[in-house]
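This report concerns only the one structure given below.
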Amino acid sequence: MKNFFSVRDVDNVETIVREALALKADPYNEGNLGKNKTLGLVFLNPSLRTRLSTQKAAMNLGMNVMIMNMDKDGWALETQDGVVMNGSTVEHIREAAAVMGEYCDVLGLRSFPSLKDKAADYSEDLFNKFVSFCGVPVISLESATRHPLQSLTDIITIMEHKSTVRPKVVLAWAPHVKALPQAVPNSFSEWMCRAQEEGLVEFVVSHPKGYELNEEFTNGAVISNDLNDALQGADFVYVKNWSAYKDYGAVYSVDESWMMDNEKLKLTNNAKVMHCLPVRRDLELSSEILDGPNSLVIKEASNRVWAAQVVLKRILESNN
Ligand code: CP
């Protein structure tokens, strides 16, 4: 593995899940693989889980870790070429990324979308430039359109907790008060569509009209605008809000009937409920579910370590 940006960086989902679960069973087995190697984690946006789980995964492999909060501690970045830098930007990404690549053997980058300019966000210009200029392997810690470490975690968690050969997995849109990126649902969908192709899951996406995701990510999924119908017989429900893709960044309403609660859970096959976190209680997902026996959210967050560790392991093995 050279870089980790999407499901396309993985040949076979089932194989990488098995490898991650083997690391979970024996976390320090590869404790020297990363000896004298440095991971740099670069954040342009906040993070709890991604920051700590990736750091822990790297330490399990014997790596050194440096963290740069670029949004707070770095110079204001210019990302466009041909700009006379006589405004607020201080350092060009060409130099900034190249310098970080001199200090690190592997880099991780988190950068959220603007949600204002669809073409710019979906071009992944910043992530691609970072990869081009840093000269070392790059792991996405969530980019404008995808969150692959989260999605790998999610399929690990589903495979670990499934009680049928091919569980029904429903991605259920949930209400929110802010315009959130499509990165998590895009990424979850592309990983689930691949898992469906491999015969691992049956995948349904449910959202109100207007919240259609880019079809590039949902190709192969059943799409339903009727949540109660979608939930029938579900084994896993993945709750997540996102803003509109077509009317880019729009939030139409906070429709409370889309919040997942115990009444809706009765429609399912006693489904396990997942969320990437952070979650807004009793807006996106009811407290009764979060505090109840069907919630997998803490176990899911715990599995972030094994997703990060298997990705780092593969990158270190490929680049040793
Ligand atoms: N799920 C997730 O990526 O959490 P953080 O934003 O806290 O890293």
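In the structure tokens, chains take the letters A, B, ... in the order shown, each chain's residues start at 1, and ligands count up from 1 in the order shown.
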
Can you tell me which residues surround Phe4 in chain A at a distance of at most 12 Å, considering only C-alpha atoms, apart from same-chain residues fewer than 5 positions away, and format the answer as a PDB file with N, CA, C and O atoms, in the first residue's frame?
ATOM      1  N   ASP A   9      -7.717   1.548  -2.458  1.00  0.00           N
ATOM      2  CA  ASP A   9      -6.368   1.212  -1.994  1.00  0.00           C
ATOM      3  C   ASP A   9      -6.308  -0.162  -1.337  1.00  0.00           C
ATOM      4  O   ASP A   9      -5.248  -0.554  -0.811  1.00  0.00           O
ATOM      5  N   VAL A  10      -7.435  -0.882  -1.361  1.00  0.00           N
ATOM      6  CA  VAL A  10      -7.525  -2.207  -0.742  1.00  0.00           C
ATOM      7  C   VAL A  10      -8.017  -3.198  -1.787  1.00  0.00           C
ATOM      8  O   VAL A  10      -9.042  -2.971  -2.427  1.00  0.00           O
ATOM      9  N   VAL A 106       5.969   8.672   7.149  1.00  0.00           N
ATOM     10  CA  VAL A 106       4.563   8.555   6.735  1.00  0.00           C
ATOM     11  C   VAL A 106       3.848   9.789   7.281  1.00  0.00           C
ATOM     12  O   VAL A 106       4.143  10.238   8.399  1.00  0.00           O
ATOM     13  N   LEU A 107       2.916  10.343   6.501  1.00  0.00           N
ATOM     14  CA  LEU A 107       2.129  11.489   6.965  1.00  0.00           C
ATOM     15  C   LEU A 107       0.645  11.153   6.928  1.00  0.00           C
ATOM     16  O   LEU A 107       0.183  10.376   6.073  1.00  0.00           O
ATOM     17  N   GLY A 108      -0.119  11.709   7.858  1.00  0.00           N
ATOM     18  CA  GLY A 108      -1.580  11.654   7.821  1.00  0.00           C
ATOM     19  C   GLY A 108      -2.100  13.068   7.712  1.00  0.00           C
ATOM     20  O   GLY A 108      -1.496  13.996   8.273  1.00  0.00           O
ATOM     21  N   LEU A 109      -3.193  13.248   6.983  1.00  0.00           N
ATOM     22  CA  LEU A 109      -3.742  14.598   6.790  1.00  0.00           C
ATOM     23  C   LEU A 109      -5.243  14.597   6.998  1.00  0.00           C
ATOM     24  O   LEU A 109      -5.958  13.771   6.419  1.00  0.00           O
ATOM     25  N   PHE A 127      -5.764  17.573  -0.710  1.00  0.00           N
ATOM     26  CA  PHE A 127      -5.193  16.261  -0.385  1.00  0.00           C
ATOM     27  C   PHE A 127      -4.222  15.820  -1.485  1.00  0.00           C
ATOM     28  O   PHE A 127      -3.111  15.361  -1.207  1.00  0.00           O
ATOM     29  N   ASN A 128      -4.649  15.975  -2.732  1.00  0.00           N
ATOM     30  CA  ASN A 128      -3.808  15.534  -3.849  1.00  0.00           C
ATOM     31  C   ASN A 128      -2.494  16.316  -3.914  1.00  0.00           C
ATOM     32  O   ASN A 128      -1.432  15.749  -4.202  1.00  0.00           O
ATOM     33  N   VAL A 131      -0.156  15.084  -1.206  1.00  0.00           N
ATOM     34  CA  VAL A 131       0.472  13.824  -1.630  1.00  0.00           C
ATOM     35  C   VAL A 131       1.592  14.113  -2.632  1.00  0.00           C
ATOM     36  O   VAL A 131       2.696  13.567  -2.540  1.00  0.00           O
ATOM     37  N   VAL A 136       6.276  11.358   0.633  1.00  0.00           N
ATOM     38  CA  VAL A 136       6.205  10.131   1.456  1.00  0.00           C
ATOM     39  C   VAL A 136       4.761   9.627   1.420  1.00  0.00           C
ATOM     40  O   VAL A 136       3.854  10.354   0.990  1.00  0.00           O
ATOM     41  N   PRO A 137       4.513   8.362   1.848  1.00  0.00           N
ATOM     42  CA  PRO A 137       3.130   7.865   1.853  1.00  0.00           C
ATOM     43  C   PRO A 137       2.217   8.721   2.732  1.00  0.00           C
ATOM     44  O   PRO A 137       2.646   9.220   3.774  1.00  0.00           O
ATOM     45  N   VAL A 138       0.967   8.873   2.291  1.00  0.00           N
ATOM     46  CA  VAL A 138      -0.006   9.708   3.017  1.00  0.00           C
ATOM     47  C   VAL A 138      -1.258   8.891   3.330  1.00  0.00           C
ATOM     48  O   VAL A 138      -1.792   8.191   2.470  1.00  0.00           O
ATOM     49  N   ILE A 139      -1.717   9.010   4.570  1.00  0.00           N
ATOM     50  CA  ILE A 139      -2.969   8.389   5.016  1.00  0.00           C
ATOM     51  C   ILE A 139      -3.999   9.493   5.184  1.00  0.00           C
ATOM     52  O   ILE A 139      -3.730  10.500   5.854  1.00  0.00           O
ATOM     53  N   SER A 140      -5.184   9.300   4.618  1.00  0.00           N
ATOM     54  CA  SER A 140      -6.275  10.252   4.847  1.00  0.00           C
ATOM     55  C   SER A 140      -6.809  10.068   6.258  1.00  0.00           C
ATOM     56  O   SER A 140      -7.195   8.965   6.648  1.00  0.00           O
ATOM     57  N   LEU A 141      -6.834  11.169   6.990  1.00  0.00           N
ATOM     58  CA  LEU A 141      -7.441  11.166   8.336  1.00  0.00           C
ATOM     59  C   LEU A 141      -8.838  11.767   8.260  1.00  0.00           C
ATOM     60  O   LEU A 141      -9.407  12.143   9.263  1.00  0.00           O
ATOM     61  N   GLU A 142      -9.369  11.871   7.091  1.00  0.00           N
ATOM     62  CA  GLU A 142     -10.655  12.398   6.620  1.00  0.00           C
ATOM     63  C   GLU A 142     -10.357  13.568   5.702  1.00  0.00           C
ATOM     64  O   GLU A 142      -9.726  14.542   6.098  1.00  0.00           O
ATOM     65  N   SER A 143     -10.822  13.421   4.486  1.00  0.00           N
ATOM     66  CA  SER A 143     -10.629  14.480   3.484  1.00  0.00           C
ATOM     67  C   SER A 143     -11.995  15.069   3.142  1.00  0.00           C
ATOM     68  O   SER A 143     -12.995  14.775   3.795  1.00  0.00           O
ATOM     69  N   ARG A 146     -14.124  11.799   1.764  1.00  0.00           N
ATOM     70  CA  ARG A 146     -14.044  10.431   2.295  1.00  0.00           C
ATOM     71  C   ARG A 146     -13.420  10.401   3.693  1.00  0.00           C
ATOM     72  O   ARG A 146     -12.619  11.274   4.034  1.00  0.00           O
ATOM     73  N   HIS A 147     -13.749   9.324   4.443  1.00  0.00           N
ATOM     74  CA  HIS A 147     -13.123   9.086   5.753  1.00  0.00           C
ATOM     75  C   HIS A 147     -12.798   7.590   5.824  1.00  0.00           C
ATOM     76  O   HIS A 147     -13.460   6.815   6.525  1.00  0.00           O
ATOM     77  N   PRO A 148     -11.738   7.160   5.109  1.00  0.00           N
ATOM     78  CA  PRO A 148     -11.522   5.724   4.936  1.00  0.00           C
ATOM     79  C   PRO A 148     -11.129   4.970   6.205  1.00  0.00           C
ATOM     80  O   PRO A 148     -11.482   3.800   6.348  1.00  0.00           O
ATOM     81  N   LEU A 149     -10.403   5.613   7.142  1.00  0.00           N
ATOM     82  CA  LEU A 149     -10.073   4.899   8.383  1.00  0.00           C
ATOM     83  C   LEU A 149     -11.348   4.606   9.172  1.00  0.00           C
ATOM     84  O   LEU A 149     -11.474   3.562   9.815  1.00  0.00           O
ATOM     85  N   GLN A 150     -12.324   5.536   9.119  1.00  0.00           N
ATOM     86  CA  GLN A 150     -13.603   5.299   9.787  1.00  0.00           C
ATOM     87  C   GLN A 150     -14.355   4.148   9.114  1.00  0.00           C
ATOM     88  O   GLN A 150     -14.880   3.257   9.778  1.00  0.00           O
ATOM     89  N   SER A 151     -14.364   4.145   7.789  1.00  0.00           N
ATOM     90  CA  SER A 151     -15.123   3.114   7.065  1.00  0.00           C
ATOM     91  C   SER A 151     -14.503   1.735   7.246  1.00  0.00           C
ATOM     92  O   SER A 151     -15.224   0.739   7.382  1.00  0.00           O
ATOM     93  N   LEU A 152     -13.174   1.667   7.253  1.00  0.00           N
ATOM     94  CA  LEU A 152     -12.525   0.375   7.511  1.00  0.00           C
ATOM     95  C   LEU A 152     -12.880  -0.103   8.917  1.00  0.00           C
ATOM     96  O   LEU A 152     -13.203  -1.272   9.126  1.00  0.00           O
ATOM     97  N   ALA A 307      -7.975  -0.457  12.689  1.00  0.00           N
ATOM     98  CA  ALA A 307      -8.022   0.020  11.296  1.00  0.00           C
ATOM     99  C   ALA A 307      -6.750   0.807  10.985  1.00  0.00           C
ATOM    100  O   ALA A 307      -6.090   0.589   9.959  1.00  0.00           O
ATOM    101  N   ALA A 308      -6.386   1.712  11.892  1.00  0.00           N
ATOM    102  CA  ALA A 308      -5.176   2.522  11.665  1.00  0.00           C
ATOM    103  C   ALA A 308      -3.937   1.639  11.670  1.00  0.00           C
ATOM    104  O   ALA A 308      -3.014   1.824  10.860  1.00  0.00           O
ATOM    105  N   VAL A 310      -3.586  -1.609  10.913  1.00  0.00           N
ATOM    106  CA  VAL A 310      -3.405  -2.462   9.733  1.00  0.00           C
ATOM    107  C   VAL A 310      -2.974  -1.621   8.522  1.00  0.00           C
ATOM    108  O   VAL A 310      -2.156  -2.066   7.705  1.00  0.00           O
ATOM    109  N   VAL A 311      -3.470  -0.401   8.427  1.00  0.00           N
ATOM    110  CA  VAL A 311      -3.066   0.480   7.317  1.00  0.00           C
ATOM    111  C   VAL A 311      -1.599   0.881   7.463  1.00  0.00           C
ATOM    112  O   VAL A 311      -0.819   0.798   6.507  1.00  0.00           O
ATOM    113  N   LEU A 312      -1.201   1.284   8.673  1.00  0.00           N
ATOM    114  CA  LEU A 312       0.210   1.635   8.893  1.00  0.00           C
ATOM    115  C   LEU A 312       1.115   0.432   8.637  1.00  0.00           C
ATOM    116  O   LEU A 312       2.189   0.569   8.032  1.00  0.00           O
ATOM    117  N   LYS A 313       0.679  -0.741   9.089  1.00  0.00           N
ATOM    118  CA  LYS A 313       1.480  -1.968   8.890  1.00  0.00           C
ATOM    119  C   LYS A 313       1.687  -2.206   7.401  1.00  0.00           C
ATOM    120  O   LYS A 313       2.817  -2.446   6.952  1.00  0.00           O
ATOM    121  N   ARG A 314       0.625  -2.111   6.624  1.00  0.00           N
ATOM    122  CA  ARG A 314       0.753  -2.365   5.175  1.00  0.00           C
ATOM    123  C   ARG A 314       1.647  -1.321   4.512  1.00  0.00           C
ATOM    124  O   ARG A 314       2.437  -1.640   3.619  1.00  0.00           O
ATOM    125  N   ILE A 315       1.520  -0.067   4.923  1.00  0.00           N
ATOM    126  CA  ILE A 315       2.368   0.984   4.330  1.00  0.00           C
ATOM    127  C   ILE A 315       3.828   0.759   4.698  1.00  0.00           C
ATOM    128  O   ILE A 315       4.723   0.850   3.842  1.00  0.00           O
TER     129      ILE A 315
END

Nearby residues (only C-alpha atoms) at most 10 Å from Leu283 in chain A, same-chain spacing under 3 positions excluded, as a CSV table (one decimal) with C-alpha atoms, in the first residue's frame:
chain,number,residue,atom,x,y,z
A,174,ALA,CA,-30.4,11.6,10.9
A,175,PRO,CA,-31.3,15.1,11.8
A,176,HIS,CA,-28.7,17.8,12.7
A,177,VAL,CA,-28.6,21.5,13.2
A,254,VAL,CA,-34.5,19.1,11.1
A,255,ASP,CA,-37.1,16.4,10.6
A,256,GLU,CA,-37.3,14.7,14.1
A,258,TRP,CA,-35.8,10.5,11.2
A,259,MET,CA,-34.1,10.2,14.6
A,260,MET,CA,-33.3,6.6,15.5
A,279,VAL,CA,-23.0,12.3,18.1
A,280,ARG,CA,-25.6,14.9,19.2
A,286,SER,CA,-31.7,8.8,21.2
A,287,SER,CA,-30.0,8.5,24.6

TODO: From a DSSP pass on the backbone, collect the residues of range 41-112 of chain A flagged as strand (DSSP E) and hand them back as a PyMOL selection string.
DONE: chain A and resi 41-43+64-69+77-78+91-92+106-110

Open item on the list: According to DSSP computed on the backbone, where in range 109-159 of chain A is there alpha helix (DSSP H)? Give the residues as a list in words.
Closed with: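 Of range 109-159 of chain A, only Lys118, Ala119, Ala120, Asp121, Tyr122, Asp125, Leu126, Phe127, Asn128, Lys129, Phe130, Val131, Ser132, Phe133, Cys134, Pro148, Leu149, Gln150, Ser151, Leu152, Thr153, Asp154, Ile155, Ile156, Thr157, Ile158 and Met159 of chain A fall in alpha helix (DSSP H).
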
Task: Pick from A:Ser88, A:Thr50, A:Ser6, A:Asn270 nearest to ligand 1, counting only C-alpha atoms and all ligand atoms - done: A:Thr50

I'd like a table as CSV: residues in range 83-191 of chain A with an atom no more than 7 Å from range 289-304 of chain A, each row giving the shortest atom pair and its distance in Å to one decimal, only C-alpha atoms counted, sorted by chain and rising residue number.
residue,atom,partner,partner_atom,distance
A:Gln150,CA,A:Arg304,CA,6.8
A:Thr153,CA,A:Arg304,CA,5.4
A:Asp154,CA,A:Glu300,CA,6.6
A:Thr157,CA,A:Glu300,CA,5.9

With N, CA, C and O atoms retained, could you export that selection as a CSV table (one decimal), in the first residue's frame?
chain,number,residue,atom,x,y,z
A,150,GLN,N,-12.3,5.5,9.1
A,150,GLN,CA,-13.6,5.3,9.8
A,150,GLN,C,-14.4,4.1,9.1
A,150,GLN,O,-14.9,3.3,9.8
A,153,THR,N,-12.9,0.8,9.9
A,153,THR,CA,-13.3,0.5,11.2
A,153,THR,C,-14.7,-0.1,11.2
A,153,THR,O,-15.0,-1.0,11.9
A,154,ASP,N,-15.6,0.6,10.5
A,154,ASP,CA,-17.0,0.2,10.5
A,154,ASP,C,-17.2,-1.2,9.9
A,154,ASP,O,-18.0,-2.0,10.5
A,157,THR,N,-16.0,-3.7,12.5
A,157,THR,CA,-17.0,-3.8,13.6
A,157,THR,C,-18.2,-4.7,13.2
A,157,THR,O,-18.7,-5.5,13.9

Open item on the list: To check your reading of the model: which residues sit at most 7 Å from ligand 1 when counting only C-alpha atoms and all ligand atoms? Write the answer as a list in words.
Closed with: Pro46, Ser47, Leu48, Arg49, Thr50, Arg51, Gln150, Cys276, Leu277 and Pro278 of chain A

Resulting file, chosen residues, all heavy atoms, as a CSV table (one decimal), in the first residue's frame:
chain,number,residue,atom,x,y,z
A,46,PRO,N,-10.6,19.8,13.8
A,46,PRO,CA,-10.6,19.1,15.1
A,46,PRO,C,-10.7,17.6,15.0
A,46,PRO,O,-11.2,17.1,14.0
A,46,PRO,CB,-11.8,19.7,15.9
A,46,PRO,CG,-12.2,20.9,15.2
A,46,PRO,CD,-11.7,20.8,13.7
A,47,SER,N,-10.2,16.9,16.0
A,47,SER,CA,-10.4,15.4,16.0
A,47,SER,C,-10.1,14.9,17.4
A,47,SER,O,-9.2,15.4,18.1
A,47,SER,CB,-9.4,14.8,15.1
A,47,SER,OG,-9.3,13.4,15.3
A,48,LEU,N,-10.9,13.9,17.9
A,48,LEU,CA,-10.6,13.2,19.1
A,48,LEU,C,-10.1,11.8,18.7
A,48,LEU,O,-9.0,11.4,18.9
A,48,LEU,CB,-11.8,13.1,20.0
A,48,LEU,CG,-11.7,12.5,21.4
A,48,LEU,CD1,-12.8,12.9,22.3
A,48,LEU,CD2,-11.6,11.0,21.4
A,49,ARG,N,-11.0,11.0,18.1
A,49,ARG,CA,-10.8,9.6,17.8
A,49,ARG,C,-9.7,9.4,16.8
A,49,ARG,O,-8.8,8.5,17.0
A,49,ARG,CB,-12.1,8.9,17.3
A,49,ARG,CG,-13.1,8.5,18.3
A,49,ARG,CD,-14.5,8.7,17.8
A,49,ARG,NE,-14.8,10.2,17.7
A,49,ARG,CZ,-15.2,10.9,18.7
A,49,ARG,NH1,-15.5,10.4,19.8
A,49,ARG,NH2,-15.4,12.2,18.5
A,50,THR,N,-9.7,10.1,15.7
A,50,THR,CA,-8.7,9.9,14.6
A,50,THR,C,-7.3,10.1,15.2
A,50,THR,O,-6.3,9.4,14.9
A,50,THR,CB,-9.0,10.7,13.4
A,50,THR,OG1,-10.4,10.5,13.1
A,50,THR,CG2,-8.1,10.4,12.3
A,51,ARG,N,-7.2,11.2,15.9
A,51,ARG,CA,-5.9,11.7,16.5
A,51,ARG,C,-5.3,10.6,17.4
A,51,ARG,O,-4.2,10.1,17.3
A,51,ARG,CB,-6.1,13.0,17.2
A,51,ARG,CG,-4.9,13.5,17.9
A,51,ARG,CD,-5.4,14.7,18.8
A,51,ARG,NE,-6.1,15.7,17.9
A,51,ARG,CZ,-5.6,16.8,17.5
A,51,ARG,NH1,-4.4,17.1,17.8
A,51,ARG,NH2,-6.3,17.6,16.7
A,150,GLN,N,-12.3,5.5,9.1
A,150,GLN,CA,-13.6,5.3,9.8
A,150,GLN,C,-14.4,4.1,9.1
A,150,GLN,O,-14.9,3.3,9.8
A,150,GLN,CB,-14.5,6.6,9.8
A,150,GLN,CG,-15.8,6.4,10.4
A,150,GLN,CD,-15.6,6.2,11.9
A,150,GLN,OE1,-15.0,6.9,12.6
A,150,GLN,NE2,-16.3,5.1,12.5
A,276,CYS,N,-20.3,7.1,13.9
A,276,CYS,CA,-18.8,7.4,13.9
A,276,CYS,C,-18.4,8.2,15.1
A,276,CYS,O,-17.2,8.2,15.5
A,276,CYS,CB,-18.4,8.0,12.6
A,276,CYS,SG,-19.2,9.6,12.3
A,277,LEU,N,-19.3,9.0,15.7
A,277,LEU,CA,-19.0,10.0,16.8
A,277,LEU,C,-18.2,11.1,16.2
A,277,LEU,O,-17.3,10.8,15.3
A,277,LEU,CB,-18.4,9.3,18.0
A,277,LEU,CG,-19.1,8.1,18.6
A,277,LEU,CD1,-18.3,7.6,19.8
A,277,LEU,CD2,-20.5,8.5,19.0
A,278,PRO,N,-18.3,12.3,16.7
A,278,PRO,CA,-19.2,12.7,17.8
A,278,PRO,C,-20.6,12.7,17.4
A,278,PRO,O,-20.9,13.0,16.2
A,278,PRO,CB,-18.7,14.1,18.2
A,278,PRO,CG,-18.1,14.7,16.9
A,278,PRO,CD,-17.5,13.5,16.2

TODO: Identify, on the basis of only C-alpha atoms, every residue whose closest approach to range 52-68 of chain A does not exceed 8 Å; exclude the query and any residue fewer than 2 positions from it along the same chain; express the result as a PyMOL selection string.
DONE: chain A and resi 27-28+30-43+48-50+70+73-74+302+304-306+308-309+312-313

Task: Nearest to Thr268 in chain A by atom-to-atom distance, counting only C-alpha atoms, from A:Pro185, A:Pro208, A:Gly199, A:Pro167 - done: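 Once distances to Thr268 in chain A are computed over only C-alpha atoms, the minimum belongs to A:Pro167.
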
Open item on the list: Could you check the closest approach to Phe130 in chain A for each of A:Ala230, A:Ala96, A:Met159, A:Met1 and tell me which residue wins, using only C-alpha atoms?
Closed with: A:Ala96

Task: Distance in Å - CA of Tyr211 in chain A versus CA of Asp226 in chain A - done: 12.7 Å

Task: Selection: 12 Å around Ala179 in chain A, only C-alpha atoms, excl. self and same-chain fewer than 3 positions, as a PyMOL selection string - done: chain A and resi 113-116+175-176+182+211+241-245+247-254

Selection from above, N, CA and C atoms, as a compact mmCIF listing (two decimals), in the first residue's frame, can you write it?
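Dumped to result.txt:
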# COMPACT_ATOMS: atom_id res chain seq x y z
N PRO A 113 -14.15 19.69 3.94
CA PRO A 113 -14.55 20.50 2.77
C PRO A 113 -15.08 21.86 3.20
N SER A 114 -15.15 22.76 2.20
CA SER A 114 -15.73 24.09 2.46
C SER A 114 -17.25 24.01 2.53
N LEU A 115 -17.84 23.03 1.84
CA LEU A 115 -19.29 22.90 1.63
C LEU A 115 -19.88 24.09 0.88
N LYS A 116 -19.00 24.88 0.23
CA LYS A 116 -19.48 26.02 -0.57
C LYS A 116 -19.26 25.78 -2.05
N PRO A 175 -31.27 13.68 11.72
CA PRO A 175 -31.31 15.15 11.77
C PRO A 175 -30.09 15.76 12.46
N HIS A 176 -29.81 17.02 12.14
CA HIS A 176 -28.72 17.77 12.74
C HIS A 176 -29.03 19.24 12.57
N GLN A 182 -20.31 15.26 3.50
CA GLN A 182 -20.77 13.94 3.04
C GLN A 182 -19.66 12.88 3.18
N TYR A 211 -31.47 14.55 -0.09
CA TYR A 211 -30.17 14.22 0.52
C TYR A 211 -29.45 13.10 -0.23
N ASN A 241 -25.81 11.99 10.00
CA ASN A 241 -26.33 13.15 9.26
C ASN A 241 -25.37 13.55 8.15
N TRP A 242 -25.92 14.12 7.09
CA TRP A 242 -25.10 14.79 6.09
C TRP A 242 -25.93 15.87 5.41
N SER A 243 -25.24 16.85 4.86
CA SER A 243 -25.92 17.92 4.12
C SER A 243 -26.10 17.47 2.67
N ALA A 244 -26.88 18.24 1.92
CA ALA A 244 -27.22 17.85 0.54
C ALA A 244 -25.98 17.89 -0.36
N TYR A 245 -25.94 16.95 -1.30
CA TYR A 245 -24.88 16.94 -2.31
C TYR A 245 -25.30 17.74 -3.54
N ASP A 247 -27.85 20.10 -4.07
CA ASP A 247 -27.93 21.52 -3.70
C ASP A 247 -26.86 21.70 -2.62
N TYR A 248 -25.63 21.82 -3.07
CA TYR A 248 -24.46 21.51 -2.25
C TYR A 248 -24.44 22.24 -0.89
N GLY A 249 -24.38 21.43 0.18
CA GLY A 249 -24.28 21.98 1.54
C GLY A 249 -25.59 22.40 2.16
N ALA A 250 -26.71 22.22 1.43
CA ALA A 250 -28.01 22.68 1.94
C ALA A 250 -28.49 21.79 3.09
N VAL A 251 -29.22 22.41 4.03
CA VAL A 251 -29.91 21.70 5.11
C VAL A 251 -31.37 22.11 5.00
N TYR A 252 -32.24 21.16 4.69
CA TYR A 252 -33.63 21.51 4.39
C TYR A 252 -34.49 21.65 5.63
N SER A 253 -34.33 20.70 6.58
CA SER A 253 -35.14 20.78 7.80
C SER A 253 -34.55 19.83 8.82
N VAL A 254 -34.87 20.05 10.06
CA VAL A 254 -34.50 19.09 11.10
C VAL A 254 -35.75 18.26 11.34
